[in-house]
file input_34.tsv (TSV, C-alpha atoms)
chain	number	residue	atom	x	y	z
A	1	MET	CA	112.30	100.68	109.74
A	2	SER	CA	114.83	100.99	112.53
A	3	ASP	CA	113.79	102.51	115.85
A	4	SER	CA	116.08	105.48	115.25
A	5	CYS	CA	114.41	106.25	111.91
A	6	ILE	CA	110.92	105.98	113.43
A	7	GLU	CA	111.97	108.38	116.17
A	8	SER	CA	113.50	110.71	113.59
A	9	LEU	CA	110.37	110.65	111.45
A	10	ALA	CA	108.19	111.43	114.48
A	11	ARG	CA	110.40	114.41	115.38
A	12	ILE	CA	110.05	115.79	111.85
A	13	LEU	CA	106.26	115.37	111.90
A	14	VAL	CA	105.77	117.05	115.28
A	15	HIS	CA	108.52	119.66	115.52
A	16	TYR	CA	108.96	120.65	111.86
A	17	SER	CA	105.86	119.78	109.84
A	18	THR	CA	103.11	120.68	112.32
A	19	ARG	CA	105.16	122.76	114.81
A	20	ILE	CA	103.18	121.52	117.81
A	21	LYS	CA	103.22	123.85	120.80
A	22	THR	CA	101.83	123.89	124.32
A	23	GLY	CA	98.06	123.41	124.44
A	24	ASP	CA	97.60	122.22	120.85
A	25	ARG	CA	94.99	119.52	120.28
A	26	VAL	CA	96.45	116.99	117.86
A	27	MET	CA	94.68	114.06	116.17
A	28	ILE	CA	96.84	111.12	115.07
A	29	ILE	CA	95.15	108.98	112.40
A	30	ALA	CA	96.50	105.55	111.40
A	31	TYR	CA	95.90	101.82	111.03
A	32	PRO	CA	96.98	99.41	113.81
A	33	ILE	CA	100.05	98.23	111.86
A	34	ALA	CA	101.55	101.73	112.27
A	35	LYS	CA	101.63	101.41	116.08
A	36	PRO	CA	105.42	102.02	116.37
A	37	LEU	CA	105.18	105.37	114.60
A	38	VAL	CA	101.90	106.31	116.30
A	39	CYS	CA	103.53	105.78	119.70
A	40	GLU	CA	106.53	107.94	118.82
A	41	VAL	CA	104.35	110.74	117.42
A	42	TYR	CA	102.18	110.55	120.55
A	43	ARG	CA	105.33	110.81	122.69
A	44	GLU	CA	106.68	113.80	120.74
A	45	VAL	CA	103.34	115.65	120.95
A	46	LEU	CA	103.42	115.25	124.75
A	47	ARG	CA	107.01	116.47	124.85
A	48	ALA	CA	105.96	119.53	122.85
A	49	GLY	CA	103.21	120.30	125.37
A	50	GLY	CA	100.30	119.25	123.14
A	51	HIS	CA	97.27	117.07	123.78
A	52	PRO	CA	97.43	113.96	121.53
A	53	TYR	CA	94.34	111.99	120.50
A	54	THR	CA	94.26	108.88	118.33
A	55	GLN	CA	91.88	107.74	115.61
A	56	ILE	CA	92.66	104.17	114.67
A	57	GLU	CA	91.25	102.95	111.34
A	58	MET	CA	90.77	99.32	110.26
A	59	ASP	CA	91.11	97.51	106.95
A	60	GLU	CA	87.89	96.46	105.17
A	61	LEU	CA	85.67	99.07	106.85
A	62	ASP	CA	85.59	101.24	103.72
A	63	PHE	CA	84.69	98.20	101.62
A	64	ILE	CA	81.83	97.34	103.98
A	65	ARG	CA	80.61	100.94	103.95
A	66	PHE	CA	80.53	101.29	100.19
A	67	THR	CA	78.93	97.91	99.58
A	68	GLU	CA	76.35	97.84	102.39
A	69	ALA	CA	75.57	101.37	103.59
A	70	SER	CA	72.23	102.96	102.75
A	71	GLU	CA	72.05	106.30	100.95
A	72	ASP	CA	71.44	108.02	104.27
A	73	GLN	CA	74.45	106.29	105.83
A	74	LEU	CA	76.69	107.18	102.85
A	75	THR	CA	75.88	110.88	103.26
A	76	PHE	CA	76.19	110.91	107.06
A	77	VAL	CA	79.20	112.99	108.11
A	78	ASN	CA	81.20	111.57	110.99
A	79	PRO	CA	80.89	114.17	113.79
A	80	VAL	CA	84.42	113.39	115.00
A	81	ALA	CA	85.85	114.19	111.55
A	82	LYS	CA	83.80	117.41	111.51
A	83	MET	CA	85.00	118.35	115.01
A	84	VAL	CA	88.66	117.77	114.10
A	85	ALA	CA	88.30	119.88	110.94
A	86	GLU	CA	86.57	122.72	112.78
A	87	THR	CA	88.29	122.86	116.17
A	88	PHE	CA	91.58	120.94	116.37
A	89	ASP	CA	94.91	122.70	115.98
A	90	ALA	CA	96.66	119.93	114.04
A	91	TYR	CA	96.44	116.40	112.77
A	92	VAL	CA	98.98	113.82	111.67
A	93	GLN	CA	97.70	111.22	109.21
A	94	ILE	CA	99.83	108.10	108.83
A	95	LEU	CA	98.90	106.16	105.69
A	96	SER	CA	99.26	102.48	106.60
A	97	GLU	CA	96.86	100.34	104.59
A	98	SER	CA	97.27	96.60	104.20
A	99	ASN	CA	95.26	96.54	100.95
A	100	THR	CA	95.60	99.45	98.56
A	101	ARG	CA	92.94	98.05	96.20
A	102	ASP	CA	90.15	97.58	98.73
A	103	LEU	CA	87.76	99.78	96.73
A	104	THR	CA	88.71	98.70	93.21
A	105	ASN	CA	85.29	97.21	92.55
A	106	ALA	CA	83.22	99.73	94.51
A	107	ASP	CA	80.43	101.52	92.66
A	108	PRO	CA	81.79	104.91	91.45
A	109	ALA	CA	78.39	106.50	92.04
A	110	ARG	CA	78.47	105.52	95.71
A	111	LEU	CA	82.03	106.83	96.03
A	112	SER	CA	80.86	110.12	94.50
A	113	THR	CA	77.95	110.35	96.93
A	114	HIS	CA	80.30	109.96	99.88
A	115	GLU	CA	82.84	112.45	98.48
A	116	LYS	CA	80.09	115.06	98.02
A	117	ALA	CA	78.88	114.55	101.58
A	118	TYR	CA	82.34	115.37	102.94
A	119	SER	CA	82.99	118.33	100.63
A	120	LYS	CA	82.13	120.88	103.36
A	121	VAL	CA	84.52	119.18	105.78
A	122	SER	CA	87.26	119.27	103.12
A	123	LYS	CA	86.59	122.94	102.44
A	124	THR	CA	86.79	123.74	106.16
A	125	ILE	CA	90.21	122.05	106.28
A	126	ARG	CA	91.42	124.01	103.24
A	127	ASP	CA	90.14	127.33	104.59
A	128	ARG	CA	91.56	126.85	108.11
A	129	THR	CA	94.87	125.72	106.60
A	130	ALA	CA	95.03	128.86	104.46
A	131	SER	CA	94.36	131.07	107.49
A	132	GLY	CA	96.95	129.24	109.61
A	133	ASP	CA	94.39	127.98	112.13
A	134	LEU	CA	94.98	124.32	111.22
A	135	ARG	CA	98.27	122.53	110.65
A	136	TRP	CA	98.42	119.03	109.24
A	137	VAL	CA	100.77	116.54	107.67
A	138	ILE	CA	100.33	113.23	105.85
A	139	THR	CA	103.03	110.59	105.89
A	140	VAL	CA	103.34	106.85	105.32
A	141	TYR	CA	104.24	103.82	107.39
A	142	PRO	CA	105.78	100.96	105.38
A	143	THR	CA	103.43	98.03	104.78
A	144	ASN	CA	103.63	95.02	102.49
A	145	ALA	CA	100.81	96.47	100.39
A	146	TYR	CA	102.75	99.66	99.65
A	147	ALA	CA	105.93	97.68	98.99
A	148	GLN	CA	104.10	95.43	96.51
A	149	GLU	CA	102.66	98.44	94.67
A	150	ALA	CA	106.17	99.87	94.45
A	151	GLU	CA	107.54	96.50	93.26
A	152	MET	CA	109.99	96.40	96.17
A	153	SER	CA	110.66	94.13	99.09
A	154	LEU	CA	109.43	95.46	102.43
A	155	ARG	CA	113.05	96.10	103.45
A	156	GLU	CA	113.73	98.08	100.27
A	157	TYR	CA	110.52	100.05	100.72
A	158	ARG	CA	111.39	100.92	104.32
A	159	GLU	CA	114.75	102.25	103.21
A	160	TYR	CA	113.04	104.22	100.45
A	161	VAL	CA	110.64	105.80	102.96
A	162	TYR	CA	113.29	107.06	105.34
A	163	ARG	CA	115.62	108.11	102.53
A	164	THR	CA	112.95	110.23	100.80
A	165	THR	CA	111.75	111.74	104.10
A	166	TYR	CA	115.37	112.38	105.22
A	167	ALA	CA	114.63	110.43	108.40
A	168	ASP	CA	117.99	108.70	107.88
A	169	HIS	CA	119.91	112.01	108.21
A	170	ASP	CA	121.75	112.95	111.38
A	171	ASP	CA	119.84	116.25	111.45
A	172	PRO	CA	116.66	115.80	109.36
A	173	LEU	CA	115.14	119.12	110.45
A	174	LYS	CA	118.20	120.94	109.11
A	175	LYS	CA	117.93	119.02	105.83
A	176	TRP	CA	114.30	120.03	105.36
A	177	GLU	CA	115.22	123.62	106.10
A	178	GLU	CA	117.79	123.44	103.28
A	179	VAL	CA	115.04	122.20	100.94
A	180	ARG	CA	112.82	125.09	102.02
A	181	VAL	CA	115.57	127.63	101.26
A	182	PHE	CA	116.24	126.15	97.79
A	183	GLN	CA	112.56	126.12	96.85
A	184	GLN	CA	112.01	129.63	98.19
A	185	ARG	CA	114.44	130.92	95.57
A	186	LEU	CA	112.20	129.44	92.88
A	187	VAL	CA	109.05	130.84	94.49
A	188	GLU	CA	110.58	134.33	94.69
A	189	TRP	CA	111.54	134.22	91.00
A	190	LEU	CA	107.95	133.29	90.10
A	191	ARG	CA	106.40	136.04	92.22
A	192	GLY	CA	104.45	138.54	90.09
A	193	LYS	CA	104.65	136.45	86.91
A	194	ASN	CA	101.57	136.15	84.69
A	195	ASN	CA	101.59	133.23	82.26
A	196	ILE	CA	102.90	129.68	82.07
A	197	GLU	CA	103.35	127.47	79.01
A	198	LEU	CA	104.04	123.74	79.32
A	199	LYS	CA	105.63	122.13	76.27
A	200	GLY	CA	106.83	118.61	75.59
A	201	PRO	CA	105.99	115.16	74.25
A	202	ASN	CA	103.22	114.76	76.84
A	203	VAL	CA	101.87	118.29	77.12
A	204	ASP	CA	100.97	121.47	75.28
A	205	LEU	CA	99.19	123.54	77.88
A	206	MET	CA	99.03	127.21	78.82
A	207	PHE	CA	97.37	129.08	81.66
A	208	SER	CA	97.48	132.27	83.69
A	209	ILE	CA	98.97	132.59	87.17
A	210	LYS	CA	98.26	136.32	87.42
A	211	GLY	CA	97.51	137.19	91.02
A	212	ARG	CA	98.25	133.66	92.17
A	213	THR	CA	100.89	132.57	94.69
A	214	PHE	CA	103.37	129.70	94.43
A	215	ILE	CA	103.58	127.74	97.69
A	216	ASN	CA	106.89	126.38	98.98
A	217	ASP	CA	106.00	122.85	100.10
A	218	ALA	CA	109.04	121.60	102.01
A	219	GLY	CA	107.78	119.16	104.62
A	220	ALA	CA	104.90	121.20	106.02
A	221	TYR	CA	101.99	119.15	104.66
A	222	ASN	CA	103.46	115.95	103.26
A	223	LEU	CA	106.34	113.71	104.23
A	224	PRO	CA	108.08	112.99	101.93
A	225	ASP	CA	107.78	116.39	100.32
A	226	GLY	CA	109.54	118.56	97.79
A	227	GLU	CA	107.40	120.64	95.45
A	228	ILE	CA	106.25	124.12	94.62
A	229	PHE	CA	102.66	124.61	93.51
A	230	THR	CA	99.99	127.17	92.72
A	231	GLY	CA	96.39	127.37	91.58
A	232	PRO	CA	96.00	128.33	87.90
A	233	VAL	CA	93.42	131.00	87.05
A	234	GLU	CA	90.45	128.74	86.58
A	235	GLU	CA	89.09	129.77	83.17
A	236	SER	CA	92.53	130.35	81.61
A	237	VAL	CA	93.70	126.77	80.98
A	238	GLU	CA	93.98	125.87	77.28
A	239	GLY	CA	95.48	122.87	75.50
A	240	TRP	CA	96.07	119.21	76.21
A	241	ILE	CA	98.02	116.92	78.50
A	242	ARG	CA	98.79	113.22	78.45
A	243	ILE	CA	99.35	111.44	81.78
A	244	PRO	CA	101.96	108.69	81.19
A	245	TYR	CA	101.77	107.29	84.73
A	246	PRO	CA	98.81	105.45	86.32
A	247	ALA	CA	96.60	107.88	88.25
A	248	LEU	CA	94.99	106.46	91.40
A	249	TYR	CA	91.94	107.84	93.16
A	250	CYS	CA	89.81	106.08	95.79
A	251	ASN	CA	92.03	103.02	95.27
A	252	ARG	CA	90.98	102.93	91.58
A	253	GLU	CA	93.78	102.92	88.99
A	254	VAL	CA	93.24	104.80	85.73
A	255	GLU	CA	95.81	104.51	82.93
A	256	GLY	CA	96.48	106.34	79.70
A	257	ILE	CA	94.62	109.54	80.60
A	258	GLU	CA	94.42	112.33	78.04
A	259	LEU	CA	92.68	115.63	78.79
A	260	GLN	CA	91.73	118.51	76.51
A	261	PHE	CA	91.04	121.93	78.09
A	262	LYS	CA	89.12	124.89	76.70
A	263	ASN	CA	88.36	128.03	78.69
A	264	GLY	CA	89.75	126.23	81.72
A	265	ARG	CA	87.39	123.29	81.54
A	266	VAL	CA	88.07	119.65	80.57
A	267	VAL	CA	86.02	119.30	77.38
A	268	GLU	CA	87.44	115.94	76.27
A	269	ALA	CA	88.75	113.11	78.44
A	270	SER	CA	89.81	109.57	77.68
A	271	ALA	CA	91.69	106.72	79.33
A	272	LYS	CA	92.94	103.31	78.25
A	273	LYS	CA	91.89	101.72	81.54
A	274	ASN	CA	88.90	102.62	83.76
A	275	GLU	CA	87.74	105.44	81.53
A	276	GLY	CA	84.24	105.17	83.00
A	277	PHE	CA	85.57	105.93	86.47
A	278	LEU	CA	87.49	108.95	85.16
A	279	LEU	CA	84.36	110.35	83.52
A	280	SER	CA	82.24	109.73	86.62
A	281	MET	CA	84.71	111.70	88.76
A	282	LEU	CA	84.78	114.55	86.24
A	283	ASP	CA	81.01	114.80	86.56
A	284	ILE	CA	80.90	114.71	90.37
A	285	ASP	CA	80.39	118.50	90.43
A	286	PRO	CA	81.13	121.55	88.22
A	287	GLY	CA	84.55	122.20	89.79
A	288	ALA	CA	85.86	118.71	89.02
A	289	ARG	CA	86.58	119.64	85.38
A	290	TYR	CA	88.80	122.61	86.32
A	291	LEU	CA	92.36	122.65	87.64
A	292	GLY	CA	92.86	123.39	91.32
A	293	GLU	CA	96.63	122.95	91.28
A	294	PHE	CA	99.75	122.96	89.15
A	295	GLY	CA	102.91	121.69	90.84
A	296	ILE	CA	106.57	120.91	90.12
A	297	GLY	CA	108.33	118.04	91.91
A	298	THR	CA	111.83	118.64	93.30
A	299	ASN	CA	112.73	115.65	95.52
A	300	LYS	CA	115.76	114.00	93.93
A	301	GLU	CA	115.52	111.00	96.29
A	302	ILE	CA	112.16	110.12	94.72
A	303	ASP	CA	113.52	108.50	91.59
A	304	ARG	CA	110.71	106.22	90.44
A	305	HIS	CA	106.93	106.01	90.19
A	306	ILE	CA	105.56	103.74	92.93
A	307	LYS	CA	101.78	104.28	92.60
A	308	ASN	CA	101.63	106.36	95.76
A	309	ILE	CA	100.79	110.00	95.09
A	310	LEU	CA	102.38	111.10	98.36
A	311	PHE	CA	105.74	110.20	96.79
A	312	ASP	CA	105.07	110.37	93.07
A	313	GLU	CA	103.94	114.00	92.79
A	314	LYS	CA	107.23	115.08	94.43
A	315	MET	CA	109.37	113.13	91.93
A	316	ASP	CA	112.18	115.27	90.55
A	317	GLY	CA	111.73	115.87	86.82
A	318	THR	CA	107.93	115.77	86.83
A	319	ILE	CA	105.02	118.16	87.03
A	320	HIS	CA	101.52	117.44	88.23
A	321	ILE	CA	98.08	118.89	87.75
A	322	SER	CA	95.15	118.41	90.08
A	323	LEU	CA	91.55	118.23	88.95
A	324	GLY	CA	89.08	119.70	91.42
A	325	ALA	CA	89.59	121.62	94.64
A	326	GLY	CA	92.43	124.10	94.90
A	327	PHE	CA	94.21	125.53	97.92
A	328	PRO	CA	93.00	129.01	98.94
A	329	GLU	CA	96.49	130.04	100.07
A	330	SER	CA	97.63	129.74	96.44
A	331	GLY	CA	94.80	132.01	95.31
A	332	SER	CA	92.76	129.16	93.83
A	333	LYS	CA	89.02	129.74	93.83
A	334	ASN	CA	88.09	126.31	92.51
A	335	ASP	CA	85.86	124.23	94.76
A	336	SER	CA	85.05	120.54	94.31
A	337	ALA	CA	84.52	117.33	96.24
A	338	ILE	CA	87.62	115.86	94.57
A	339	HIS	CA	91.30	116.73	94.40
A	340	TRP	CA	92.92	114.30	91.97
A	341	ASP	CA	96.64	114.62	91.28
A	342	MET	CA	97.99	113.41	87.93
A	343	ILE	CA	101.70	113.27	87.08
A	344	CYS	CA	103.39	114.19	83.80
A	345	GLU	CA	106.96	113.28	82.85
A	346	MET	CA	109.16	116.25	81.83
A	347	ARG	CA	112.67	114.74	81.69
A	348	ASN	CA	112.18	113.85	78.02
A	349	GLY	CA	112.37	117.38	76.61
A	350	GLY	CA	109.59	119.02	78.59
A	351	GLN	CA	109.74	122.78	79.11
A	352	ILE	CA	108.16	125.31	81.44
A	353	ILE	CA	108.12	128.79	79.93
A	354	VAL	CA	107.14	131.69	82.20
A	355	ASP	CA	106.22	135.02	80.60
A	356	GLY	CA	108.30	134.02	77.58
A	357	ASP	CA	111.39	133.00	79.57
A	358	LEU	CA	112.60	129.40	79.83
A	359	PHE	CA	112.28	128.47	83.51
A	360	TYR	CA	112.72	124.68	83.35
A	361	GLU	CA	113.86	122.15	80.76
A	362	SER	CA	114.05	118.35	80.78
A	363	GLY	CA	113.61	118.22	84.55
A	364	GLU	CA	116.11	120.95	85.44
A	365	PHE	CA	115.52	124.53	86.59
A	366	ILE	CA	117.25	126.95	84.22
A	367	ILE	CA	117.16	130.09	86.37
call {"tool": "encode", "arguments": {"input": "input_34.tsv", "output": "structure tokens"}}
result
Amino acid sequence: MSDSCIESLARILVHYSTRIKTGDRVMIIAYPIAKPLVCEVYREVLRAGGHPYTQIEMDELDFIRFTEASEDQLTFVNPVAKMVAETFDAYVQILSESNTRDLTNADPARLSTHEKAYSKVSKTIRDRTASGDLRWVITVYPTNAYAQEAEMSLREYREYVYRTTYADHDDPLKKWEEVRVFQQRLVEWLRGKNNIELKGPNVDLMFSIKGRTFINDAGAYNLPDGEIFTGPVEESVEGWIRIPYPALYCNREVEGIELQFKNGRVVEASAKKNEGFLLSMLDIDPGARYLGEFGIGTNKEIDRHIKNILFDEKMDGTIHISLGAGFPESGSKNDSAIHWDMICEMRNGGQIIVDGDLFYESGEFII
């Protein structure tokens, strides 16, 4: 990634996504390979008057933890992570792994134990985000591992990153503001609506959104971004959905997922690959079998599935559902140790019907 694009990406993260101001305490989380972007984010935080801190991760540490830690060590909550969640004003997380499959062979039960231990920290983050006390954004720094997952060269992947984040634009902040304005029109149309039906080759699902709020996600929490989402009324979800794309969680890839819902709860679940892992995550706690989120991707620059949920859930022409924890600002009341996004293709005849009116068809908004 060119220096100008790194600088542009840092400006978006600090001045648009997290809106850092004088006195803000800001944690920057990344792996050593992301040093160029870390340095530019650090610089921009200082220029904005904030107080930057860094948390540098290392490859293989998660593997060591989940293979060698005792039960007590697995459930120990890092006090720094707890402090950031409870007291910091913002954090910028830069995904920058060198091995995306580090935990492929880790014991799902041990992963579940660790996820449960951090559920209170995750809830604190969600609650402070909803109240406006905490601002955060997650982005990516190009690595060979991510490029290989995407079946691209590192050069191609770098170009994809700054194209989809608009870091290659002369005025990227203006571009993201244009996205926000476009998506706000959709959010306003959905305001006060009651019921959604999803129809298509991969889905026949219905649920209530009565009293729920659609969120305009235009660069505030993720970069790249481009989606609108809400939290379905928990017990209202009925029907089935097939997930045609691989769904990754804790570096574990699950393929061929099919879910059946009744009274909001997943009552049947299957997968063609790693079904055991899927079932173990569904049983991590009661909330894991309910939907915490329904979202619609709008980013036209994201034109392929690359096995990175940060990009894939924003792909234009797709929807996604999330098992587990919802976002309080959307009205979701679902609580869980997991939040697992799964993407469904809609460009092949899929429809979104809202209160009987066709809102979206084959990947295009009709309104």
call {"tool": "atom_distance", "arguments": {"input": "input_34.tsv", "atom1": "CA of Trp176 (chain A)", "atom2": "CA of Ile20 (chain A)"}}
result
16.8 Å
call {"tool": "residues_around", "arguments": {"input": "input_34.tsv", "residues": "region 221-236 of chain A", "least_positions_apart": "4", "cutoff": "6 Å", "atoms": "only C-alpha atoms", "output": "PDB file with C-alpha atoms, in the coordinates of the input"}}
result
ATOM      1  CA  TRP A 136      98.420 119.030 109.240  1.00  0.00           C
ATOM      2  CA  VAL A 137     100.770 116.540 107.670  1.00  0.00           C
ATOM      3  CA  ILE A 138     100.330 113.230 105.850  1.00  0.00           C
ATOM      4  CA  THR A 139     103.030 110.590 105.890  1.00  0.00           C
ATOM      5  CA  THR A 164     112.950 110.230 100.800  1.00  0.00           C
ATOM      6  CA  THR A 165     111.750 111.740 104.100  1.00  0.00           C
ATOM      7  CA  PHE A 207      97.370 129.080  81.660  1.00  0.00           C
ATOM      8  CA  SER A 208      97.480 132.270  83.690  1.00  0.00           C
ATOM      9  CA  ILE A 209      98.970 132.590  87.170  1.00  0.00           C
ATOM     10  CA  THR A 213     100.890 132.570  94.690  1.00  0.00           C
ATOM     11  CA  PHE A 214     103.370 129.700  94.430  1.00  0.00           C
ATOM     12  CA  ILE A 215     103.580 127.740  97.690  1.00  0.00           C
ATOM     13  CA  ASN A 216     106.890 126.380  98.980  1.00  0.00           C
ATOM     14  CA  ASP A 217     106.000 122.850 100.100  1.00  0.00           C
ATOM     15  CA  ASN A 263      88.360 128.030  78.690  1.00  0.00           C
ATOM     16  CA  GLY A 264      89.750 126.230  81.720  1.00  0.00           C
ATOM     17  CA  GLY A 292      92.860 123.390  91.320  1.00  0.00           C
ATOM     18  CA  GLU A 293      96.630 122.950  91.280  1.00  0.00           C
ATOM     19  CA  PHE A 294      99.750 122.960  89.150  1.00  0.00           C
ATOM     20  CA  GLY A 295     102.910 121.690  90.840  1.00  0.00           C
ATOM     21  CA  ILE A 296     106.570 120.910  90.120  1.00  0.00           C
ATOM     22  CA  GLY A 297     108.330 118.040  91.910  1.00  0.00           C
ATOM     23  CA  THR A 298     111.830 118.640  93.300  1.00  0.00           C
ATOM     24  CA  ASN A 299     112.730 115.650  95.520  1.00  0.00           C
ATOM     25  CA  LYS A 314     107.230 115.080  94.430  1.00  0.00           C
ATOM     26  CA  SER A 330      97.630 129.740  96.440  1.00  0.00           C
ATOM     27  CA  SER A 332      92.760 129.160  93.830  1.00  0.00           C
TER      28      SER A 332
END
call {"tool": "atom_distance", "arguments": {"input": "input_34.tsv", "atom1": "CA of Ile302 (chain A)", "atom2": "CA of Thr129 (chain A)"}}
result
26.1 Å
call {"tool": "closest_residue", "arguments": {"input": "input_34.tsv", "among": "A:Tyr166, A:Phe182, A:Tyr141, A:Phe327", "to": "Tyr31 (chain A)", "atoms": "only C-alpha atoms"}}
result
A:Tyr141
call {"tool": "residues_near_point", "arguments": {"input": "input_34.tsv", "point": "(109.7, 125.5, 114.6)", "cutoff": "12 Å", "atoms": "all atoms listed in the file", "output": "list in words"}}
result
Arg11, Ile12, Leu13, Val14, His15, Tyr16, Ser17, Thr18, Arg19, Ile20, Lys21, Ala48, Leu173, Lys174, Trp176, Glu177, Gly219 and Ala220 of chain A
call {"tool": "decode", "arguments": {"input": "input_34.tsv", "residues": "region 203-256 of chain A", "atoms": "C-alpha atoms", "output": "mmCIF file, in the first residue's frame"}}
result
data_model
loop_
_atom_site.group_PDB
_atom_site.id
_atom_site.type_symbol
_atom_site.label_atom_id
_atom_site.label_comp_id
_atom_site.auth_asym_id
_atom_site.auth_seq_id
_atom_site.Cartn_x
_atom_site.Cartn_y
_atom_site.Cartn_z
ATOM 1 C CA VAL A 203 -33.948 -18.074 2.069
ATOM 2 C CA ASP A 204 -37.555 -18.096 3.194
ATOM 3 C CA LEU A 205 -37.506 -16.168 6.428
ATOM 4 C CA MET A 206 -39.773 -13.681 8.169
ATOM 5 C CA PHE A 207 -39.415 -11.639 11.339
ATOM 6 C CA SER A 208 -40.645 -8.531 13.114
ATOM 7 C CA ILE A 209 -38.741 -5.238 13.311
ATOM 8 C CA LYS A 210 -41.479 -3.470 15.268
ATOM 9 C CA GLY A 211 -39.889 -0.975 17.618
ATOM 10 C CA ARG A 212 -36.429 -1.681 16.245
ATOM 11 C CA THR A 213 -34.052 0.808 14.605
ATOM 12 C CA PHE A 214 -32.030 0.400 11.421
ATOM 13 C CA ILE A 215 -28.462 1.666 11.859
ATOM 14 C CA ASN A 216 -26.665 3.527 9.070
ATOM 15 C CA ASP A 217 -23.192 1.964 9.079
ATOM 16 C CA ALA A 218 -21.080 4.154 6.804
ATOM 17 C CA GLY A 219 -17.519 3.973 8.084
ATOM 18 C CA ALA A 220 -18.176 4.513 11.787
ATOM 19 C CA TYR A 221 -17.369 1.006 13.050
ATOM 20 C CA ASN A 222 -15.787 -0.871 10.165
ATOM 21 C CA LEU A 223 -13.492 0.084 7.330
ATOM 22 C CA PRO A 224 -14.403 -0.942 4.689
ATOM 23 C CA ASP A 225 -18.051 -0.381 5.464
ATOM 24 C CA GLY A 226 -21.363 -0.034 3.700
ATOM 25 C CA GLU A 227 -24.409 -1.624 5.309
ATOM 26 C CA ILE A 228 -27.625 -0.934 7.141
ATOM 27 C CA PHE A 229 -28.627 -3.274 9.945
ATOM 28 C CA THR A 230 -31.058 -3.838 12.788
ATOM 29 C CA GLY A 231 -31.861 -6.364 15.490
ATOM 30 C CA PRO A 232 -34.905 -8.538 14.703
ATOM 31 C CA VAL A 233 -37.465 -9.032 17.472
ATOM 32 C CA GLU A 234 -35.935 -12.076 19.078
ATOM 33 C CA GLU A 235 -38.850 -14.535 19.253
ATOM 34 C CA SER A 236 -40.344 -13.503 15.889
ATOM 35 C CA VAL A 237 -37.967 -15.214 13.433
ATOM 36 C CA GLU A 238 -39.595 -18.034 11.444
ATOM 37 C CA GLY A 239 -38.399 -20.051 8.445
ATOM 38 C CA TRP A 240 -35.119 -21.196 6.988
ATOM 39 C CA ILE A 241 -31.936 -19.850 5.447
ATOM 40 C CA ARG A 242 -29.095 -21.439 3.514
ATOM 41 C CA ILE A 243 -25.638 -19.851 3.738
ATOM 42 C CA PRO A 244 -23.912 -20.350 0.358
ATOM 43 C CA TYR A 245 -20.607 -18.800 1.428
ATOM 44 C CA PRO A 246 -18.114 -20.235 3.962
ATOM 45 C CA ALA A 247 -18.750 -18.792 7.438
ATOM 46 C CA LEU A 248 -15.641 -18.252 9.571
ATOM 47 C CA TYR A 249 -15.556 -17.913 13.339
ATOM 48 C CA CYS A 250 -12.494 -18.171 15.600
ATOM 49 C CA ASN A 251 -10.483 -18.986 12.464
ATOM 50 C CA ARG A 252 -12.699 -22.066 11.881
ATOM 51 C CA GLU A 253 -14.368 -22.376 8.468
ATOM 52 C CA VAL A 254 -17.868 -23.854 8.289
ATOM 53 C CA GLU A 255 -19.443 -24.561 4.888
ATOM 54 C CA GLY A 256 -22.906 -25.431 3.666
#
